[in-house]
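Enquirer: Pasting a structure here, questions to come.
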Amino acid sequence: RIVLSGDDQKGLLNKIISTLNKNNALIVRMNTEKISYPKSTQYISRFAISIRDENAPECLAQMVKVAGEMKLTFRYETS
């Protein structure tokens with residue numbers, strides 16, 4: 001599972017999905033939500049993905065890069 005959170009930005013989902021596709025990751029499930037606070041809004045995108053073990057390190061490295069470029073918080077879980 002991959003979770004990204006932060007401010008909404010134009011092209012955000014497109015960039016994430018493109019990065020996953022380039023690394024042959026299949027999106028099994030996706031969820032996005034908007035959480036409003038009195039002074040800000042937080043967007044959270046969750047992806048359950050299926051990826052071959054040999055592709056996972058490069059995919060995660062590229063997702064960290066995308067998160068950094070877009071100033072997002074990134075975390076992942078493995079099963």
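Letters A, B, ... go to the chains of the structure tokens in the order shown; residues in each chain start at 1; ligands are counted from 1 in the same order.
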DSSP on the backbone: which residues in chain A end up as strand (DSSP E)? Give the answer as JSON, numbers by chain.

Expert: {"A": [2, 3, 4, 5, 6, 26, 27, 28, 29, 30, 31, 32, 33, 34, 35, 36, 41, 42, 43, 44, 45, 46, 47, 48, 49, 50, 73, 74, 75, 76]}

Enquirer: Counting only C-alpha atoms, which residue out of A:Leu20, A:Leu72, A:Ile2, A:Leu26 sits closest to Gln42 in chain A?

Expert: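 Looking at the shortest contact to Gln42 in chain A, the residue is A:Leu72.
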
Enquirer: For CA of Val28 in chain A and CA of Ser45 in chain A, determine how far apart the two atoms are, in Å to one decimal place.

Expert: 13.5 Å

Enquirer: So, counting only C-alpha atoms, which residue among A:Ile27, A:Ile51, A:Ile17, A:Leu4 is closest to Met70 in chain A?

Expert: A:Leu4

Enquirer: With distances taken over only C-alpha atoms, which residue among A:Lys34, A:Phe74, A:Arg29, A:Ala48 lies nearest Val3 in chain A?

Expert: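 The shortest atom-to-atom distance to Val3 in chain A comes from A:Phe74.
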
Enquirer: Could you tell me how far CA of Gly68 in chain A sits from CA of Asn55 in chain A, in Å to one decimal place?

Expert: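 Computed distance, CA of Asn55 in chain A to CA of Gly68 in chain A, equals 20.3 Å.
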
Enquirer: Using only C-alpha atoms, pick whichever of A:Val66, A:Pro57, A:Ser5, A:Ser50 has the shortest atom-to-atom distance to Asn31 in chain A.

Expert: A:Ser5

Enquirer: Considering only C-alpha atoms, return as JSON, numbers by chain whatever protein or nucleic-acid residues lie within 8 Å of Tyr43 in chain A, sequence-local ones (same chain, fewer than 2 positions apart) excluded.

Expert: {"A": [5, 6, 7, 8, 32, 33, 34, 35, 41, 45]}

Enquirer: Between A:Asn24, A:Ser79, A:Asn14, A:Thr19, which residue has the minimum interatomic distance to Lys65 in chain A, considering only C-alpha atoms?

Expert: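 Closest residue, counting only C-alpha atoms: A:Thr19.
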
Enquirer: Just how far from CA of Ile49 in chain A is CA of Ser18 in chain A, in Å to one decimal?

Expert: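 These atoms are spaced 13.3 Å apart.
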
Enquirer: Name the residues of chain A that come out as helix (DSSP H, G or I) in a backbone DSSP run; write them as a ChimeraX atom specification.

Expert: /A:12-22,56-69

Enquirer: Now that the selection is made, can you save its residues with N, CA, C and O atoms as a compact mmCIF listing (two decimals), in the first residue's frame?

Expert:
# COMPACT_ATOMS: atom_id res chain seq x y z
N LEU A 12 -1.63 15.84 -10.01
CA LEU A 12 -1.13 14.99 -8.93
C LEU A 12 -1.41 13.51 -9.20
O LEU A 12 -0.49 12.69 -9.24
N LEU A 13 -2.67 13.15 -9.39
CA LEU A 13 -2.99 11.75 -9.62
C LEU A 13 -2.38 11.23 -10.91
O LEU A 13 -1.93 10.09 -10.97
N ASN A 14 -2.35 12.06 -11.92
CA ASN A 14 -1.75 11.65 -13.19
C ASN A 14 -0.28 11.28 -13.00
O ASN A 14 0.19 10.27 -13.53
N LYS A 15 0.45 12.08 -12.24
CA LYS A 15 1.88 11.81 -12.02
C LYS A 15 2.08 10.53 -11.21
O LYS A 15 2.96 9.72 -11.51
N ILE A 16 1.25 10.33 -10.21
CA ILE A 16 1.35 9.12 -9.39
C ILE A 16 1.05 7.88 -10.22
O ILE A 16 1.81 6.90 -10.24
N ILE A 17 -0.06 7.91 -10.95
CA ILE A 17 -0.47 6.77 -11.75
C ILE A 17 0.55 6.49 -12.85
O ILE A 17 0.90 5.34 -13.13
N SER A 18 1.08 7.53 -13.46
CA SER A 18 2.10 7.36 -14.49
C SER A 18 3.34 6.68 -13.93
O SER A 18 3.91 5.79 -14.56
N THR A 19 3.77 7.09 -12.75
CA THR A 19 4.94 6.50 -12.11
C THR A 19 4.70 5.02 -11.80
O THR A 19 5.58 4.18 -12.04
N LEU A 20 3.53 4.70 -11.30
CA LEU A 20 3.20 3.30 -11.02
C LEU A 20 3.18 2.48 -12.31
O LEU A 20 3.72 1.37 -12.36
N ASN A 21 2.58 3.03 -13.36
CA ASN A 21 2.53 2.32 -14.64
C ASN A 21 3.92 2.07 -15.21
O ASN A 21 4.19 0.99 -15.73
N LYS A 22 4.81 3.04 -15.13
CA LYS A 22 6.17 2.89 -15.65
C LYS A 22 6.93 1.76 -14.95
O LYS A 22 7.87 1.21 -15.49
N ALA A 56 9.88 -3.47 -7.11
CA ALA A 56 9.46 -2.66 -5.97
C ALA A 56 10.48 -1.59 -5.54
O ALA A 56 10.09 -0.44 -5.34
N PRO A 57 11.78 -1.90 -5.40
CA PRO A 57 12.72 -0.87 -4.95
C PRO A 57 12.75 0.36 -5.86
O PRO A 57 12.73 1.50 -5.38
N GLU A 58 12.81 0.16 -7.17
CA GLU A 58 12.85 1.29 -8.10
C GLU A 58 11.53 2.06 -8.07
O GLU A 58 11.52 3.29 -8.11
N CYS A 59 10.43 1.36 -7.99
CA CYS A 59 9.12 2.01 -7.93
C CYS A 59 9.02 2.90 -6.68
O CYS A 59 8.60 4.05 -6.76
N LEU A 60 9.42 2.35 -5.55
CA LEU A 60 9.37 3.13 -4.31
C LEU A 60 10.30 4.34 -4.38
O LEU A 60 9.96 5.43 -3.93
N ALA A 61 11.48 4.16 -4.96
CA ALA A 61 12.42 5.28 -5.10
C ALA A 61 11.81 6.38 -5.96
O ALA A 61 11.92 7.58 -5.64
N GLN A 62 11.14 6.01 -7.03
CA GLN A 62 10.51 7.01 -7.89
C GLN A 62 9.32 7.67 -7.21
O GLN A 62 9.08 8.86 -7.38
N MET A 63 8.57 6.92 -6.40
CA MET A 63 7.45 7.51 -5.67
C MET A 63 7.95 8.51 -4.62
O MET A 63 7.33 9.54 -4.42
N VAL A 64 9.07 8.19 -3.98
CA VAL A 64 9.66 9.14 -3.01
C VAL A 64 10.06 10.42 -3.74
O VAL A 64 9.84 11.52 -3.23
N LYS A 65 10.62 10.28 -4.93
CA LYS A 65 11.01 11.44 -5.72
C LYS A 65 9.80 12.30 -6.09
O LYS A 65 9.82 13.52 -5.94
N VAL A 66 8.73 11.65 -6.55
CA VAL A 66 7.50 12.37 -6.90
C VAL A 66 6.95 13.08 -5.66
O VAL A 66 6.57 14.26 -5.73
N ALA A 67 6.90 12.39 -4.54
CA ALA A 67 6.40 12.99 -3.30
C ALA A 67 7.23 14.22 -2.91
O ALA A 67 6.68 15.25 -2.53
N GLY A 68 8.54 14.11 -3.03
CA GLY A 68 9.41 15.25 -2.70
C GLY A 68 9.18 16.42 -3.62
O GLY A 68 9.10 17.58 -3.17
N GLU A 69 9.07 16.16 -4.93
CA GLU A 69 8.84 17.23 -5.89
C GLU A 69 7.51 17.94 -5.65
O GLU A 69 7.41 19.14 -5.85

Enquirer: Choose the residue, out of A:Thr78, A:Gln9, A:Met30, A:Lys71, that has the smallest atom-to-atom separation from Arg46 in chain A; count only C-alpha atoms.

Expert: A:Met30
